[in-house]
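Here is the structure we will look at, set down as structure tokens.
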Amino acid sequence: MFVTALSMHFAEPLPLRSGASIRAYDLRYETYGTLNAQRSNAVLVLHALNASHHLAGLYEGQQKSDGWWDNMIGPGKPLDTDRFFVIGINNLGSCFGSTGPMHINPDTGRVYGADFPVVTVEDWVDAQARLLDNMQIQTLAAVMGGSLGGMQALSWSLQYPQRVRHALVIASAPNLTAENIAFNEVARRAIVTDPDFRGGRFYAEDDQAETKPKRGLRIARMIGHITYLSDDVMNEKFGRALRDALAPESGAKPVGTDHAADYRYTTQDVEFQIESYLRYQGDKFAEYFDANTYLLITRALDYFDPARDFAADLSRALQRATARFLLVSFTTDWRFAPARSREIVKALLDNGRDVSYAEIDAPHGHDAFLLDDPRYTNLIRSYFDRIATSLVKGGTSHE
Amino acid sequence: MSDQATMEAVARLVPTGARVLDLGCGDGALLSLLQQTRGCSGYGIEIDDANVLACVRRGVNVIQLNLDEGLAIFDDASFDVVLHIDTLQHLRNTEVVLQETARVGRIGVVAFPNFAHWPNRLSILRGRMPVTRRLPYQWYDTPNIRVGTFADFEVLALRNGLRIQDSFGLHDGHTVRTMPNLMAGTAVFKFSR
């Protein structure tokens with residue numbers, strides 16, 4: 001499935017939760033499948049920290065350009081684009097084509113840099129809603145997202161309850177715990193204290209060359225990566241294996257202990273395979289990701305807390321949500337632990353809402369939401385099957 | 001025990017339009033029946049992945065939870081009816097879950113295999129644990145870790161201050177009201193706090 005990214009310009013300023021606004025902006029997005037005549041089969045899929053509008057399919061002529069949720073979305077896949085019209089939108093402040101800190105601020109004529117306004121999950125949802133307005137899509141058959149994407153799905157059900165029939169909230173949470181904010185803060189400090197960050201004004205500008213704060217981005221990514229995996233999976237994948245025991249090209253796993261590749265007694269070189277893996281992931285990430293975007297998106301995570309306006313009472317906060325919900329968590333996910341999903345489930349139960357909840361006993365930690373586990377993918381497939389059936393039967397109305 | 005006649009016998013105990021919590025709801029067949037024929041709404045609780053999937057396929061709300069961890073996720077008296085159909089005998093914390101049932105539901109309905117059914121008694125008299133259609137397992141591989149009788153449940157209910165509103169046996173889909181402790185393979189109780 002070849003896809004093409006599209007852009008939509010918005011001339012109307014977007015008011016933000018912070019009180020600031022973005023005067024004019026573009027959103028990069030992609031669509032898959034066909035919108036039906038009743039305009040009732042649209043599914044909006046929200047991205048998390050480092051992903052984009054490119055959910056599925058390939059860009060023609062570009063190998064390895066698979067969308068980040070290609071295993072989940074496409075023709076005949078759990079979210080079947082033969083039946084649903086699927087939309088992916090790159091969020092404001094991100095670095096994959098929508099207006100972000102690397103673009104020109106129309107108010108100053110200079111690159112935004114660190115001046116890009118702080119955006120929240122709610123702001124993103126408002127921006128997404130405008131894009132749907134322009135596409136003349138009033139009601140979504142479903143919103144779906146994992147992690148930070150799940151927060152946006154939840155927020156959709158609160159900000160635009162009448163526009164959402166189903167919300168699929170996967171490996172997510174009603175807000176971040178102190179530990180989670182702490183991880184984000186370490187990542188941000190790594191970036192901000194990189195001398196190449198230069199207060200966020202590291203882009204090529206005037207007579208100044210670009211200086212990407214890659215050291216900070218690498219460390220931010222390494223920390224993130226550790227928290228997305230489980231201890232078990234990391235041990236199984238890397239254990240205490242030494243770097244030299246692995247031939248990188250073959251990808252072969254070391255068997256037994258080969259003392260030819262013994263300790264080198266070095267403090268600064270890569271010794272263990274896990275180090276090599278993290279450095280590789282960090283290097284790759286620092287090449288394509290924007291440092292200001294990392295700060296903005298982690299902050300959006302930190303700020304999200306729909307219960308905050310309700311004296312921390314999530315049940316009251318979720319009173320507005322009328323969508324039907326499917327929540328999924330993974331037992332080994334310690335970044336967005338099952339207990340956090342259960343809080344959302346409880347709040348929905350307290351309001352008597354339609355909700356199903358699955359706790360998948362997968363070993364892969366937070367990353368599990370992006371992987372193929374038949375218990376998980378079959379569940380999503382079945383849930384969308386039901387939605388598709390109800391569309392045929394009931395048109396756009398709530399069943 | 002998910003045969004149609006039994007499900008219908010249990011369904012008759014559930015008021016029309018009730019909010020139902022079905023503990024150990026299996027593939028969601030009973031909840032689906034209650035939704036379709038009695039206008040009920042509610043949720044099933046299941047621990048098994050395959051059953052959770054089956055419920056989603058049927059369009060039945062299902063929450064994946066281990067009942068032995070209690071029902072803390074549910075508020076007091078948040079359901080009209082809490083169902084325990086062939087669930088109780090699999091639980092480690094049977095009594096706690098029964099108390100929790102009474103806490104979250106105005107009415108509880110419990111059905112479980114009656115160990116005092118006469119074929120079981122005969123088997124024990126012969127010196128062997130019963131293996132029947134209702135209790136098809138060998139003693140060493142049975143998932144029924146709690147074996148109790150119709151009469152035993154009356155004692156447990158009393159002990160926990162539960163008021164039995166109705167009780168009867170079920171056998172081959174028929175209601176047994178005469179000597180159910182002897183004559184029925186399944187014990188059914190409807191109770192309130």
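Residues in the structure tokens are named by chain (A, B, ... in the order shown) and by number from 1 within that chain; ligands are numbered from 1 in the order shown.
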
Quiz item: If we count only C-alpha atoms, what is near region 45-58 of chain A at a cut-off of 8 Å, once residues fewer than 4 positions away on the same chain are taken out, given as a PyMOL selection string?
Solution: chain A and resi 1-3+5+28-30+62-71+73-74+86-91+94+96+143-150+152-153+289+294+297-298

Output of the above residues as a tab-separated table (two decimals), in the first residue's frame, restricted to N, CA and C atoms:
```
chain	number	residue	atom	x	y	z
A	1	MET	N	0.85	-1.19	0.00
A	1	MET	CA	0.00	0.00	0.00
A	1	MET	C	0.89	1.25	0.00
A	2	PHE	N	0.88	1.99	-1.12
A	2	PHE	CA	1.64	3.24	-1.18
A	2	PHE	C	0.75	4.38	-0.69
A	3	VAL	N	1.34	5.25	0.06
A	3	VAL	CA	0.59	6.39	0.59
A	3	VAL	C	1.36	7.67	0.32
A	5	ALA	N	1.78	11.70	1.89
A	5	ALA	CA	1.46	12.62	2.96
A	5	ALA	C	0.85	13.89	2.37
A	28	ARG	N	0.40	18.17	8.88
A	28	ARG	CA	0.71	17.11	7.94
A	28	ARG	C	-0.12	15.89	8.33
A	29	TYR	N	-0.72	15.25	7.35
A	29	TYR	CA	-1.57	14.10	7.68
A	29	TYR	C	-1.57	13.10	6.54
A	30	GLU	N	-2.08	11.92	6.83
A	30	GLU	CA	-2.26	10.88	5.81
A	30	GLU	C	-3.62	10.22	6.02
A	62	GLN	N	10.50	4.41	-1.74
A	62	GLN	CA	11.32	4.47	-0.52
A	62	GLN	C	11.22	3.15	0.22
A	63	GLN	N	12.31	2.41	0.21
A	63	GLN	CA	12.30	1.15	0.95
A	63	GLN	C	12.31	1.43	2.45
A	64	LYS	N	11.82	0.48	3.20
A	64	LYS	CA	11.79	0.58	4.67
A	64	LYS	C	11.07	1.84	5.15
A	65	SER	N	10.08	2.29	4.38
A	65	SER	CA	9.35	3.48	4.81
A	65	SER	C	8.00	3.08	5.42
A	66	ASP	N	7.92	1.88	5.97
A	66	ASP	CA	6.66	1.41	6.56
A	66	ASP	C	6.19	2.36	7.65
A	67	GLY	N	4.89	2.56	7.70
A	67	GLY	CA	4.31	3.36	8.76
A	67	GLY	C	4.54	2.70	10.12
A	68	TRP	N	4.46	3.51	11.19
A	68	TRP	CA	4.85	3.00	12.51
A	68	TRP	C	3.86	2.00	13.08
A	69	TRP	N	2.63	1.99	12.57
A	69	TRP	CA	1.66	1.01	13.07
A	69	TRP	C	1.17	0.14	11.91
A	70	ASP	N	2.10	-0.18	11.01
A	70	ASP	CA	1.74	-0.92	9.80
A	70	ASP	C	1.24	-2.33	10.11
A	71	ASN	N	1.67	-2.89	11.23
A	71	ASN	CA	1.17	-4.24	11.60
A	71	ASN	C	-0.29	-4.20	12.04
A	73	ILE	N	-2.59	-1.53	11.00
A	73	ILE	CA	-3.47	-0.75	10.12
A	73	ILE	C	-3.14	-1.04	8.65
A	74	GLY	N	-4.16	-1.36	7.89
A	74	GLY	CA	-3.96	-1.60	6.46
A	74	GLY	C	-5.05	-2.52	5.94
A	86	VAL	N	-9.09	5.70	7.60
A	86	VAL	CA	-8.19	5.94	8.74
A	86	VAL	C	-7.38	7.20	8.49
A	87	ILE	N	-7.25	7.99	9.54
A	87	ILE	CA	-6.55	9.28	9.43
A	87	ILE	C	-5.43	9.33	10.46
A	88	GLY	N	-4.25	9.70	10.02
A	88	GLY	CA	-3.12	9.97	10.92
A	88	GLY	C	-2.73	11.43	10.78
A	89	ILE	N	-2.52	12.11	11.89
A	89	ILE	CA	-2.17	13.54	11.86
A	89	ILE	C	-0.90	13.76	12.68
A	90	ASN	N	0.04	14.46	12.11
A	90	ASN	CA	1.23	14.84	12.86
A	90	ASN	C	0.86	16.02	13.76
A	91	ASN	N	1.21	15.91	15.03
A	91	ASN	CA	0.77	16.92	15.99
A	91	ASN	C	1.60	18.20	15.89
A	94	SER	N	5.53	18.87	16.62
A	94	SER	CA	6.32	17.70	16.26
A	94	SER	C	7.28	18.07	15.12
A	96	PHE	N	7.67	16.28	12.00
A	96	PHE	CA	7.49	15.48	10.79
A	96	PHE	C	6.60	16.19	9.77
A	143	VAL	N	-11.68	6.68	17.83
A	143	VAL	CA	-10.34	7.24	18.00
A	143	VAL	C	-9.50	6.15	18.66
A	144	MET	N	-8.24	6.07	18.27
A	144	MET	CA	-7.39	5.02	18.82
A	144	MET	C	-5.98	5.56	19.01
A	145	GLY	N	-5.37	5.19	20.13
A	145	GLY	CA	-3.98	5.56	20.34
A	145	GLY	C	-3.37	4.76	21.47
A	146	GLY	N	-2.04	4.64	21.42
A	146	GLY	CA	-1.30	3.98	22.50
A	146	GLY	C	-0.45	5.00	23.22
A	147	SER	N	-0.25	4.79	24.53
A	147	SER	CA	0.63	5.65	25.30
A	147	SER	C	0.11	7.10	25.26
A	148	LEU	N	0.94	8.05	24.85
A	148	LEU	CA	0.47	9.44	24.69
A	148	LEU	C	-0.67	9.52	23.68
A	149	GLY	N	-0.67	8.62	22.70
A	149	GLY	CA	-1.78	8.57	21.74
A	149	GLY	C	-3.08	8.17	22.44
A	150	GLY	N	-2.97	7.30	23.44
A	150	GLY	CA	-4.14	6.90	24.23
A	150	GLY	C	-4.69	8.06	25.04
A	152	GLN	N	-4.59	11.13	24.08
A	152	GLN	CA	-5.34	11.96	23.12
A	152	GLN	C	-6.70	11.33	22.82
A	153	ALA	N	-6.73	10.00	22.70
A	153	ALA	CA	-8.01	9.32	22.45
A	153	ALA	C	-8.97	9.59	23.61
A	289	PHE	N	15.38	13.29	15.01
A	289	PHE	CA	14.41	13.92	15.89
A	289	PHE	C	14.87	15.32	16.29
A	294	TYR	N	11.20	17.25	21.35
A	294	TYR	CA	11.27	16.31	22.48
A	294	TYR	C	10.83	16.99	23.77
A	297	ILE	N	6.90	17.64	23.57
A	297	ILE	CA	6.02	16.47	23.67
A	297	ILE	C	6.09	15.84	25.06
A	298	THR	N	7.28	15.81	25.65
A	298	THR	CA	7.33	15.26	27.01
A	298	THR	C	6.56	16.15	27.98
```

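Contact shell of region 173-181 of chain A at 6 Å (only C-alpha atoms; same-chain neighbours under 2 positions omitted): Phe183, Asn184, Asp302, Phe304, Asp305, Arg340 and Ser341 of chain A.
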
Practice problem: Output as number ranges by chain the set of chain B residues within 7 Å of chain A, with distances taken over only C-alpha atoms. | Solution: B: 49, 53, 56-57, 59, 61-64, 73

Practice problem: Name the residues of region 13-190 of chain B that come out as alpha helix (DSSP H) in a backbone DSSP run; write them as a ChimeraX atom specification. | Solution: /B:29-38,49-58,94-104,118-125,150-159,180-183

Can I get the selected residues back with C-alpha atoms, as a CSV table (one decimal), in the first residue's frame?
```
chain,number,residue,atom,x,y,z
B,29,ALA,CA,-23.4,-16.0,26.3
B,30,LEU,CA,-25.5,-15.4,29.4
B,31,LEU,CA,-24.9,-11.6,29.4
B,32,SER,CA,-25.7,-11.5,25.7
B,33,LEU,CA,-28.9,-13.5,26.4
B,34,LEU,CA,-29.8,-11.0,29.2
B,35,GLN,CA,-29.2,-8.0,26.9
B,36,GLN,CA,-31.3,-9.4,24.1
B,37,THR,CA,-34.2,-11.0,25.9
B,38,ARG,CA,-34.5,-9.0,29.1
B,49,ASP,CA,-7.8,-14.3,27.3
B,50,ALA,CA,-9.9,-16.5,25.0
B,51,ASN,CA,-13.1,-15.7,26.9
B,52,VAL,CA,-12.3,-12.0,26.9
B,53,LEU,CA,-11.9,-12.1,23.1
B,54,ALA,CA,-15.2,-14.1,22.8
B,55,CYS,CA,-17.0,-11.4,24.8
B,56,VAL,CA,-15.7,-8.6,22.6
B,57,ARG,CA,-16.7,-10.6,19.5
B,58,ARG,CA,-20.3,-10.9,21.0
B,94,THR,CA,-14.5,-17.9,48.0
B,95,GLU,CA,-15.9,-16.3,51.1
B,96,VAL,CA,-14.3,-12.9,50.4
B,97,VAL,CA,-15.7,-12.8,46.9
B,98,LEU,CA,-19.1,-13.8,48.2
B,99,GLN,CA,-19.0,-10.8,50.6
B,100,GLU,CA,-17.8,-8.6,47.8
B,101,THR,CA,-20.8,-9.8,45.7
B,102,ALA,CA,-23.2,-8.8,48.4
B,103,ARG,CA,-21.4,-5.4,48.6
B,104,VAL,CA,-21.6,-4.4,45.0
B,118,TRP,CA,-27.1,-38.6,44.8
B,119,PRO,CA,-24.8,-40.0,42.1
B,120,ASN,CA,-21.9,-38.2,43.7
B,121,ARG,CA,-22.9,-39.6,47.1
B,122,LEU,CA,-23.0,-43.1,45.6
B,123,SER,CA,-19.6,-42.6,44.1
B,124,ILE,CA,-18.2,-41.6,47.5
B,125,LEU,CA,-19.9,-44.6,49.1
B,150,PHE,CA,-26.6,-27.1,48.4
B,151,ALA,CA,-26.8,-27.4,52.2
B,152,ASP,CA,-23.3,-26.1,52.7
B,153,PHE,CA,-24.1,-22.9,50.9
B,154,GLU,CA,-27.1,-22.3,53.2
B,155,VAL,CA,-24.7,-22.4,56.1
B,156,LEU,CA,-22.2,-20.1,54.4
B,157,ALA,CA,-24.9,-17.6,53.5
B,158,LEU,CA,-26.2,-17.5,57.1
B,159,ARG,CA,-22.7,-17.0,58.4
B,180,PRO,CA,-32.6,-30.3,45.8
B,181,ASN,CA,-29.6,-31.2,47.9
B,182,LEU,CA,-30.1,-34.8,46.9
B,183,MET,CA,-31.8,-34.5,43.6
```

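The smallest atom-to-atom distance between Arg146 (chain B) and any of B:Val110, B:Gln89, B:Thr178, B:Gly185, using only C-alpha atoms, is found for B:Gln89.
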
Practice problem: Using DSSP on the backbone coordinates, identify the residues of region 30-119 of chain B assigned to strand (DSSP E or B); present them as a list in words. | Solution: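 Everything in region 30-119 of chain B that counts as strand (DSSP E or B) is Ser41, Gly42, Tyr43, Gly44, Ile45, Glu46, Val62, Ile63, Gln64, Phe79, Asp80, Val81, Val82, Leu83, His84, Ile85, Gly105, Arg106, Ile107, Gly108, Val109, Val110, Ala111, Phe112 and Pro113 of chain B.
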
Include N, CA, C and O atoms and write out the residues we just selected as an mmCIF file, in the first residue's frame.
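Wrote result_23.cif, looks like this:
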```cif
data_model
loop_
_atom_site.group_PDB
_atom_site.id
_atom_site.type_symbol
_atom_site.label_atom_id
_atom_site.label_comp_id
_atom_site.auth_asym_id
_atom_site.auth_seq_id
_atom_site.Cartn_x
_atom_site.Cartn_y
_atom_site.Cartn_z
ATOM 1 N N SER B 41 -28.255 -4.521 31.048
ATOM 2 C CA SER B 41 -26.955 -3.985 30.640
ATOM 3 C C SER B 41 -25.949 -4.391 31.695
ATOM 4 O O SER B 41 -26.332 -4.912 32.745
ATOM 5 N N GLY B 42 -24.685 -4.169 31.433
ATOM 6 C CA GLY B 42 -23.704 -4.492 32.458
ATOM 7 C C GLY B 42 -22.396 -4.982 31.904
ATOM 8 O O GLY B 42 -22.047 -4.706 30.748
ATOM 9 N N TYR B 43 -21.691 -5.724 32.741
ATOM 10 C CA TYR B 43 -20.328 -6.120 32.426
ATOM 11 C C TYR B 43 -20.095 -7.568 32.844
ATOM 12 O O TYR B 43 -20.679 -8.036 33.815
ATOM 13 N N GLY B 44 -19.199 -8.204 32.113
ATOM 14 C CA GLY B 44 -18.699 -9.495 32.536
ATOM 15 C C GLY B 44 -17.293 -9.346 33.075
ATOM 16 O O GLY B 44 -16.570 -8.435 32.669
ATOM 17 N N ILE B 45 -16.934 -10.217 33.988
ATOM 18 C CA ILE B 45 -15.558 -10.254 34.483
ATOM 19 C C ILE B 45 -14.968 -11.591 34.063
ATOM 20 O O ILE B 45 -15.597 -12.642 34.278
ATOM 21 N N GLU B 46 -13.801 -11.555 33.473
ATOM 22 C CA GLU B 46 -13.148 -12.787 33.035
ATOM 23 C C GLU B 46 -11.649 -12.676 33.250
ATOM 24 O O GLU B 46 -11.074 -11.598 33.159
ATOM 25 N N VAL B 62 -16.644 -6.514 28.741
ATOM 26 C CA VAL B 62 -15.917 -7.466 29.575
ATOM 27 C C VAL B 62 -14.700 -6.777 30.181
ATOM 28 O O VAL B 62 -14.023 -5.986 29.522
ATOM 29 N N ILE B 63 -14.460 -7.064 31.452
ATOM 30 C CA ILE B 63 -13.302 -6.507 32.157
ATOM 31 C C ILE B 63 -12.418 -7.683 32.560
ATOM 32 O O ILE B 63 -12.878 -8.590 33.250
ATOM 33 N N GLN B 64 -11.169 -7.634 32.121
ATOM 34 C CA GLN B 64 -10.265 -8.742 32.466
ATOM 35 C C GLN B 64 -9.667 -8.502 33.849
ATOM 36 O O GLN B 64 -8.874 -7.589 34.053
ATOM 37 N N PHE B 79 -24.671 -2.459 41.232
ATOM 38 C CA PHE B 79 -25.388 -3.337 40.294
ATOM 39 C C PHE B 79 -26.678 -3.839 40.915
ATOM 40 O O PHE B 79 -26.769 -4.018 42.124
ATOM 41 N N ASP B 80 -27.660 -4.068 40.049
ATOM 42 C CA ASP B 80 -28.903 -4.668 40.526
ATOM 43 C C ASP B 80 -28.677 -6.144 40.841
ATOM 44 O O ASP B 80 -29.181 -6.651 41.837
ATOM 45 N N VAL B 81 -27.916 -6.791 39.973
ATOM 46 C CA VAL B 81 -27.712 -8.233 40.121
ATOM 47 C C VAL B 81 -26.238 -8.577 39.874
ATOM 48 O O VAL B 81 -25.645 -8.078 38.917
ATOM 49 N N VAL B 82 -25.681 -9.393 40.746
ATOM 50 C CA VAL B 82 -24.343 -9.934 40.505
ATOM 51 C C VAL B 82 -24.477 -11.441 40.326
ATOM 52 O O VAL B 82 -25.041 -12.125 41.187
ATOM 53 N N LEU B 83 -23.986 -11.927 39.210
ATOM 54 C CA LEU B 83 -24.102 -13.349 38.881
ATOM 55 C C LEU B 83 -22.792 -14.079 39.147
ATOM 56 O O LEU B 83 -21.712 -13.563 38.860
ATOM 57 N N HIS B 84 -22.920 -15.263 39.682
ATOM 58 C CA HIS B 84 -21.789 -16.150 39.949
ATOM 59 C C HIS B 84 -22.145 -17.497 39.362
ATOM 60 O O HIS B 84 -22.539 -18.388 40.091
ATOM 61 N N ILE B 85 -22.086 -17.649 38.065
ATOM 62 C CA ILE B 85 -22.561 -18.894 37.482
ATOM 63 C C ILE B 85 -21.377 -19.808 37.228
ATOM 64 O O ILE B 85 -20.546 -19.541 36.358
ATOM 65 N N GLY B 105 -23.640 -5.699 44.706
ATOM 66 C CA GLY B 105 -24.934 -5.963 44.086
ATOM 67 C C GLY B 105 -26.067 -5.933 45.090
ATOM 68 O O GLY B 105 -25.874 -6.236 46.255
ATOM 69 N N ARG B 106 -27.247 -5.528 44.627
ATOM 70 C CA ARG B 106 -28.416 -5.599 45.511
ATOM 71 C C ARG B 106 -28.886 -7.042 45.626
ATOM 72 O O ARG B 106 -29.328 -7.471 46.678
ATOM 73 N N ILE B 107 -28.760 -7.780 44.520
ATOM 74 C CA ILE B 107 -29.118 -9.200 44.517
ATOM 75 C C ILE B 107 -27.928 -9.994 44.011
ATOM 76 O O ILE B 107 -27.248 -9.575 43.075
ATOM 77 N N GLY B 108 -27.673 -11.127 44.637
ATOM 78 C CA GLY B 108 -26.656 -12.039 44.129
ATOM 79 C C GLY B 108 -27.320 -13.321 43.658
ATOM 80 O O GLY B 108 -28.301 -13.777 44.251
ATOM 81 N N VAL B 109 -26.828 -13.872 42.571
ATOM 82 C CA VAL B 109 -27.315 -15.172 42.104
ATOM 83 C C VAL B 109 -26.101 -16.079 41.946
ATOM 84 O O VAL B 109 -25.157 -15.744 41.221
ATOM 85 N N VAL B 110 -26.129 -17.190 42.649
ATOM 86 C CA VAL B 110 -25.006 -18.118 42.637
ATOM 87 C C VAL B 110 -25.486 -19.462 42.119
ATOM 88 O O VAL B 110 -26.543 -19.941 42.533
ATOM 89 N N ALA B 111 -24.722 -20.048 41.212
ATOM 90 C CA ALA B 111 -24.997 -21.423 40.784
ATOM 91 C C ALA B 111 -23.677 -22.181 40.792
ATOM 92 O O ALA B 111 -22.656 -21.651 40.340
ATOM 93 N N PHE B 112 -23.702 -23.387 41.331
ATOM 94 C CA PHE B 112 -22.467 -24.182 41.392
ATOM 95 C C PHE B 112 -22.834 -25.658 41.449
ATOM 96 O O PHE B 112 -23.968 -26.012 41.799
ATOM 97 N N PRO B 113 -21.897 -26.537 41.118
ATOM 98 C CA PRO B 113 -22.219 -27.969 41.148
ATOM 99 C C PRO B 113 -22.466 -28.446 42.578
ATOM 100 O O PRO B 113 -21.685 -28.145 43.478
#
```

Quiz item: Of the candidates B:Ser78, B:Thr186, B:Thr87, B:Thr149, which shows the shortest atom-to-atom distance to Phe115 (chain B), using only C-alpha atoms?
Solution: B:Thr149

Exercise. Could you jot down the CA of Gly224 (chain A) to CA of Ser155 (chain A) separation for me, Å, one decimal place?
Key: 23.6 Å

For His103 (chain A): contacts at 12 Å, only C-alpha atoms, fewer than 2 positions along chain excluded, given as a short mmCIF file (atom, residue, chain, number, x, y, z; two decimals) with C-alpha atoms, in the first residue's frame:
```cif
data_model
loop_
_atom_site.label_atom_id
_atom_site.label_comp_id
_atom_site.auth_asym_id
_atom_site.auth_seq_id
_atom_site.Cartn_x
_atom_site.Cartn_y
_atom_site.Cartn_z
CA ALA A 24 -1.33 30.16 11.51
CA TYR A 25 -0.15 26.63 11.05
CA ASP A 26 -0.01 23.56 8.84
CA LEU A 92 1.67 20.58 16.35
CA GLY A 93 5.17 21.01 17.68
CA SER A 94 6.32 17.70 16.26
CA CYS A 95 9.05 17.42 13.65
CA PHE A 96 7.49 15.48 10.79
CA GLY A 97 5.94 18.21 8.70
CA SER A 98 3.33 19.92 10.88
CA THR A 99 4.20 23.36 12.19
CA GLY A 100 6.86 23.04 14.86
CA PRO A 101 9.77 24.76 16.53
CA ASN A 105 7.13 32.24 13.62
CA PRO A 106 4.90 34.55 11.55
CA ASP A 107 4.88 37.05 14.43
CA THR A 108 8.65 37.56 14.40
CA GLY A 109 9.82 36.30 11.07
CA ARG A 110 12.37 34.15 12.93
CA VAL A 111 12.51 30.41 13.54
CA TYR A 112 10.39 29.55 16.61
CA GLY A 113 13.08 27.52 18.41
CA ALA A 114 12.40 27.56 22.12
CA ASP A 115 9.67 30.19 21.55
CA PHE A 116 7.29 27.63 20.10
CA ARG A 201 18.06 28.30 19.04
CA TYR A 203 18.84 25.95 13.88
CA ALA A 204 20.65 27.50 10.94
CA GLU A 205 19.71 31.16 11.09
CA ASP A 290 14.19 17.55 16.93
CA ASN A 292 12.71 21.23 20.94
CA THR A 293 10.05 18.77 19.86
#
```

Practice problem: Fewer than 3 positions away in the same chain doesn't count, so skip those; otherwise give me all residues within 9 Å of Ala184 (chain B), counting only C-alpha atoms, as JSON, numbers by chain. | Solution: {"B": [113, 114, 116, 117, 118, 150, 168, 169, 170, 171, 172, 175, 176, 177, 179, 180, 181, 187]}

I need the chosen residues saved as a CSV table (one decimal), in the first residue's frame, with N, CA, C and O atoms.
```csv
chain,number,residue,atom,x,y,z
B,113,PRO,N,-21.9,-26.5,41.1
B,113,PRO,CA,-22.2,-28.0,41.1
B,113,PRO,C,-22.5,-28.4,42.6
B,113,PRO,O,-21.7,-28.1,43.5
B,114,ASN,N,-23.6,-29.1,42.7
B,114,ASN,CA,-24.0,-29.6,44.1
B,114,ASN,C,-23.3,-31.0,44.3
B,114,ASN,O,-23.7,-32.0,43.7
B,116,ALA,N,-23.5,-32.9,46.7
B,116,ALA,CA,-24.4,-33.9,47.4
B,116,ALA,C,-25.4,-34.5,46.5
B,116,ALA,O,-26.3,-35.3,47.0
B,117,HIS,N,-25.4,-34.2,45.3
B,117,HIS,CA,-26.3,-34.8,44.3
B,117,HIS,C,-26.1,-36.4,44.4
B,117,HIS,O,-25.0,-36.8,44.6
B,118,TRP,N,-27.2,-37.1,44.4
B,118,TRP,CA,-27.1,-38.6,44.8
B,118,TRP,C,-26.1,-39.4,44.0
B,118,TRP,O,-25.4,-40.2,44.6
B,150,PHE,N,-25.4,-28.0,48.3
B,150,PHE,CA,-26.6,-27.1,48.4
B,150,PHE,C,-26.7,-26.7,49.9
B,150,PHE,O,-26.8,-25.5,50.2
B,168,PHE,N,-33.1,-23.2,44.7
B,168,PHE,CA,-33.6,-24.5,44.1
B,168,PHE,C,-32.4,-25.2,43.4
B,168,PHE,O,-31.3,-24.7,43.3
B,169,GLY,N,-32.7,-26.4,43.0
B,169,GLY,CA,-31.8,-27.1,42.2
B,169,GLY,C,-32.1,-27.0,40.7
B,169,GLY,O,-33.2,-26.7,40.3
B,170,LEU,N,-31.1,-27.3,39.9
B,170,LEU,CA,-31.3,-27.5,38.5
B,170,LEU,C,-30.8,-28.8,38.1
B,170,LEU,O,-29.7,-29.2,38.5
B,171,HIS,N,-31.6,-29.5,37.3
B,171,HIS,CA,-31.1,-30.7,36.7
B,171,HIS,C,-31.6,-30.9,35.3
B,171,HIS,O,-32.8,-30.9,35.1
B,172,ASP,N,-30.7,-31.2,34.4
B,172,ASP,CA,-31.0,-31.3,33.0
B,172,ASP,C,-31.9,-30.2,32.5
B,172,ASP,O,-32.9,-30.4,31.8
B,175,THR,N,-36.0,-27.2,36.9
B,175,THR,CA,-36.0,-26.8,38.2
B,175,THR,C,-36.3,-27.9,39.2
B,175,THR,O,-37.3,-28.6,39.0
B,176,VAL,N,-35.5,-28.0,40.2
B,176,VAL,CA,-35.8,-29.1,41.2
B,176,VAL,C,-36.0,-28.4,42.6
B,176,VAL,O,-35.1,-27.8,43.1
B,177,ARG,N,-37.2,-28.5,43.1
B,177,ARG,CA,-37.5,-27.8,44.3
B,177,ARG,C,-37.8,-28.8,45.5
B,177,ARG,O,-37.9,-28.5,46.6
B,179,MET,N,-36.2,-31.7,47.7
B,179,MET,CA,-34.9,-32.2,48.1
B,179,MET,C,-33.8,-31.9,47.1
B,179,MET,O,-33.1,-32.8,46.6
B,180,PRO,N,-33.6,-30.6,46.8
B,180,PRO,CA,-32.6,-30.3,45.8
B,180,PRO,C,-31.2,-30.7,46.2
B,180,PRO,O,-30.4,-31.1,45.3
B,181,ASN,N,-30.9,-30.8,47.5
B,181,ASN,CA,-29.6,-31.2,47.9
B,181,ASN,C,-29.2,-32.6,47.5
B,181,ASN,O,-28.1,-33.0,47.3
B,187,ALA,N,-26.8,-26.3,42.3
B,187,ALA,CA,-27.4,-25.6,43.3
B,187,ALA,C,-27.5,-24.1,42.8
B,187,ALA,O,-26.6,-23.6,42.3
```
